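Undergrad: Input query-v8.cif, format and content: mmCIF, C-alpha atoms.
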data_protein
#
loop_
_atom_site.label_atom_id
_atom_site.label_comp_id
_atom_site.auth_asym_id
_atom_site.auth_seq_id
_atom_site.Cartn_x
_atom_site.Cartn_y
_atom_site.Cartn_z
CA MET A 1 3.57 -20.07 0.70
CA ILE A 2 2.69 -20.43 -2.94
CA PRO A 3 4.16 -17.75 -5.26
CA ARG A 4 1.48 -15.48 -6.70
CA LYS A 5 1.23 -14.49 -10.36
CA ASP A 6 1.50 -10.77 -9.53
CA GLY A 7 4.59 -11.17 -7.32
CA PRO A 8 7.31 -10.54 -9.95
CA ASP A 9 5.55 -7.43 -11.30
CA LEU A 10 5.19 -6.04 -7.79
CA VAL A 11 8.88 -6.63 -7.08
CA ARG A 12 9.71 -4.60 -10.20
CA HIS A 13 7.54 -1.78 -8.83
CA ALA A 14 10.16 -1.27 -6.08
CA SER A 15 12.25 0.85 -8.44
CA SER A 16 9.26 3.06 -9.31
CA HIS A 17 8.25 6.12 -7.30
CA ALA A 18 4.57 5.43 -8.00
CA ILE A 19 2.46 4.16 -5.11
CA SER A 20 1.84 0.45 -5.70
CA VAL A 21 -1.77 -0.24 -4.75
CA LEU A 22 -3.07 -3.79 -4.40
CA ILE A 23 -6.85 -3.95 -4.63
CA GLY A 24 -9.02 -7.02 -4.14
CA SER A 25 -11.96 -8.62 -2.44
CA ARG A 26 -11.78 -9.97 1.07
CA GLN A 27 -9.72 -13.12 1.62
CA VAL A 28 -7.97 -13.17 -1.78
CA GLY A 29 -4.47 -12.97 -0.28
CA LYS A 30 -3.60 -9.27 -0.40
CA SER A 31 -2.04 -9.24 3.07
CA THR A 32 -0.16 -12.47 2.44
CA LEU A 33 1.16 -11.13 -0.86
CA MET A 34 2.30 -7.94 0.88
CA ARG A 35 4.12 -10.00 3.51
CA MET A 36 5.76 -12.14 0.80
CA LEU A 37 6.77 -9.00 -1.07
CA ARG A 38 8.28 -7.42 2.02
CA GLU A 39 10.26 -10.56 2.79
CA GLY A 40 11.30 -10.98 -0.85
CA LEU A 41 12.62 -7.45 -1.22
CA ALA A 42 14.67 -7.87 1.96
CA LEU A 43 15.20 -4.13 2.31
CA PRO A 44 14.78 -2.04 5.45
CA SER A 45 11.07 -1.29 5.60
CA GLU A 46 8.18 -0.43 7.88
CA SER A 47 4.79 -2.10 7.94
CA TYR A 48 1.47 -0.66 9.09
CA ASP A 49 -1.78 -2.59 9.42
CA LEU A 50 -4.69 -0.18 9.62
CA GLU A 51 -6.85 -2.81 11.30
CA ASN A 52 -4.58 -2.13 14.29
CA PRO A 53 -6.16 0.82 16.18
CA LEU A 54 -2.74 2.29 17.06
CA HIS A 55 -1.63 2.34 13.43
CA LEU A 56 -4.98 3.69 12.29
CA ALA A 57 -4.86 6.51 14.85
CA LEU A 58 -1.47 7.55 13.52
CA PHE A 59 -2.81 7.78 9.96
CA ASN A 60 -6.05 9.50 11.01
CA GLU A 61 -4.00 12.32 12.51
CA GLY A 62 -2.84 13.19 9.00
CA TYR A 63 0.34 13.38 7.04
CA THR A 64 2.48 15.40 9.44
CA SER A 65 1.84 13.09 12.38
CA PHE A 66 2.51 9.98 10.35
CA ILE A 67 5.61 11.17 8.52
CA ARG A 68 7.38 11.94 11.81
CA GLN A 69 7.26 8.21 12.58
CA VAL A 70 8.73 7.04 9.26
CA ARG A 71 12.36 5.94 9.46
CA GLU A 72 12.68 3.76 6.34
CA LYS A 73 12.22 4.50 2.64
CA LEU A 74 10.00 1.50 1.97
CA LEU A 75 6.49 1.37 3.49
CA PHE A 76 3.89 -1.38 3.48
CA ILE A 77 0.40 -0.24 4.42
CA ASP A 78 -2.26 -2.93 4.75
CA GLU A 79 -6.03 -2.43 4.98
CA PHE A 80 -5.84 1.23 3.92
CA GLN A 81 -9.61 1.41 3.44
CA TYR A 82 -10.02 1.91 7.20
CA CYS A 83 -8.46 5.38 7.02
CA ARG A 84 -10.89 8.02 5.75
CA GLY A 85 -8.20 10.41 4.52
CA ILE A 86 -5.69 7.88 3.23
CA SER A 87 -5.52 9.34 -0.27
CA SER A 88 -4.35 12.71 1.11
CA VAL A 89 -1.67 10.93 3.17
CA PHE A 90 -0.53 8.98 0.09
CA LYS A 91 -0.53 12.12 -2.04
CA ALA A 92 1.49 14.12 0.50
CA ILE A 93 4.10 11.39 0.94
CA HIS A 94 4.40 10.94 -2.83
CA ASP A 95 4.77 14.66 -3.51
CA LEU A 96 6.77 15.82 -0.49
CA ARG A 97 8.93 12.76 0.25
CA PRO A 98 9.73 11.25 -3.18
CA GLU A 99 12.40 8.98 -1.70
CA ILE A 100 9.71 6.93 0.05
CA LYS A 101 8.19 3.98 -1.82
CA ILE A 102 4.72 2.83 -0.74
CA TYR A 103 3.04 -0.51 -1.22
CA ALA A 104 -0.57 -0.43 -0.02
CA SER A 105 -3.36 -2.97 -0.02
CA GLY A 106 -7.05 -2.54 0.54
CA SER A 107 -10.63 -3.24 -0.30
CA SER A 108 -11.96 -3.33 -3.81
CA SER A 109 -15.08 -1.33 -2.98
CA LEU A 110 -16.12 1.01 -5.78
CA GLU A 111 -16.25 4.01 -3.44
CA ILE A 112 -12.65 3.55 -2.35
CA GLN A 113 -11.41 2.93 -5.89
CA ALA A 114 -13.17 6.05 -7.19
CA HIS A 115 -11.64 8.21 -4.45
CA LEU A 116 -8.12 6.86 -5.05
CA ASN A 117 -8.47 7.23 -8.81
CA GLU A 118 -9.56 10.85 -8.45
CA SER A 119 -6.94 12.01 -5.96
CA LEU A 120 -3.93 9.93 -7.01
CA VAL A 121 -4.02 10.37 -10.77
CA GLY A 122 -0.51 9.78 -12.11
CA ARG A 123 0.81 8.82 -8.67
CA LYS A 124 -0.19 5.16 -8.41
CA ARG A 125 0.11 1.79 -10.09
CA GLU A 126 -2.88 -0.36 -9.32
CA THR A 127 -2.81 -4.17 -9.30
CA ILE A 128 -6.06 -6.07 -8.90
CA ILE A 129 -5.56 -9.24 -6.87
CA TYR A 130 -7.84 -12.10 -7.87
CA PRO A 131 -8.31 -15.33 -5.92
CA LEU A 132 -6.23 -18.33 -6.94
CA THR A 133 -3.84 -16.54 -9.28
CA ILE A 134 -0.65 -18.56 -8.86
CA GLN A 135 2.36 -18.99 -11.10
#
Is it possible to give me this structure as structure tokens?
TA:
Amino acid sequence: MIPRKDGPDLVRHASSHAISVLIGSRQVGKSTLMRMLREGLALPSESYDLENPLHLALFNEGYTSFIRQVREKLLFIDEFQYCRGISSVFKAIHDLRPEIKIYASGSSSLEIQAHLNESLVGRKRETIIYPLTIQ
């Protein structure tokens, strides 16, 4: 895989408590970048793909259902736009379980961005992923 321009910055985010949100259009490499990041950090982690109906059901049940499943302190959540209440899950994890670091990727739709911006003020670091941004 070709290293992406945003990779080093995202690795540095690992030491930050802020939720690292990767936003971009379809097919720009968000999922691939998340996978590269997870492999590059080489820390115990858990990965959830919300295109998977089982993972999505867990998130749709809300924070308390999801947090019971978490065993690691590093989470990768892909395709978060499929979960209607994802911002409340992110907010609860950030506020109630500060030892957990979240990397999340999702759609760049204006509706989703507006909702995340409103509910996660001061809790997230957003990185916009553009196509063909390599080192």
Undergrad: Determine the nearest neighbour of Arg84 of chain A from the options A:Lys5, A:Ser65, A:Phe59, A:Tyr103, counting all atoms listed in the file.
TA: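 Closest to Arg84 of chain A, using all atoms listed in the file: A:Phe59.
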Undergrad: Could you work out how far atom CA of Gly40 of chain A lies from atom CA of Ser107 of chain A, giving the answer in Å with one decimal?
TA: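 Calculated distance between atom CA of Ser107 of chain A and atom CA of Gly40 of chain A is 23.3 Å.
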Undergrad: I need the output of the PyMOL selection byres ((chain A and resi 78) around 7) for this file as a PyMOL selection string; which residues are they?
TA: chain A and resi 31+48-50+76-77+79-80+104-106
Undergrad: Go through A:His17, A:Tyr130, A:Arg26, A:Leu43 one by one, measure the shortest atom-to-atom distance of each to Phe90 of chain A using only C-alpha atoms, and give the residue with the smallest value.
TA: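 When distances to Phe90 of chain A are compared using only C-alpha atoms, the smallest one comes from A:His17.
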Undergrad: When you draw a straight line from atom CA of Leu33 of chain A to atom CA of Arg4 of chain A, how long is it in Å?
TA: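 About the pair atom CA of Leu33 of chain A and atom CA of Arg4 of chain A: they are 7.3 Å apart.
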Undergrad: For the PyMOL selection byres ((chain A and resi 44) around 12), applied here, can you spell out every residue it catches as a list in words?
TA: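 The output of the PyMOL selection byres ((chain A and resi 44) around 12) on this file is Arg38, Glu39, Gly40, Leu41, Ala42, Leu43, Ser45, Glu46, Ser47, Val70, Arg71, Glu72, Lys73, Leu74, Leu75, Phe76, Ile100 and Lys101 of chain A.
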Undergrad: In Å, rounded to a single decimal, give me how far atom CA of Pro98 of chain A is from atom CA of Lys30 of chain A.
TA: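 According to the coordinates, atom CA of Lys30 of chain A and atom CA of Pro98 of chain A are separated by 24.6 Å.
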Undergrad: Take the PyMOL selection byres ((chain A and resi 24) around 6), run it mentally on this structure, and tell me the resulting residues as a list in words.
TA: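 That expression, the PyMOL selection byres ((chain A and resi 24) around 6), corresponds here to Ile23, Ser25, Ser107, Ser108, Ile128 and Ile129 of chain A.
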Undergrad: Given the choices A:Leu10, A:Ser20, A:Lys91, A:Gly29, which gets closest to Pro131 of chain A if the distance is worked out from all atoms listed in the file?
TA: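 Comparing A:Leu10, A:Ser20, A:Lys91, A:Gly29 against Pro131 of chain A, the winner is A:Gly29.
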Undergrad: Nearest to Asn60 of chain A: which of A:Ile93, A:Ile102, A:Ala14, A:Cys83 is it, counting all atoms listed in the file?
TA: A:Cys83
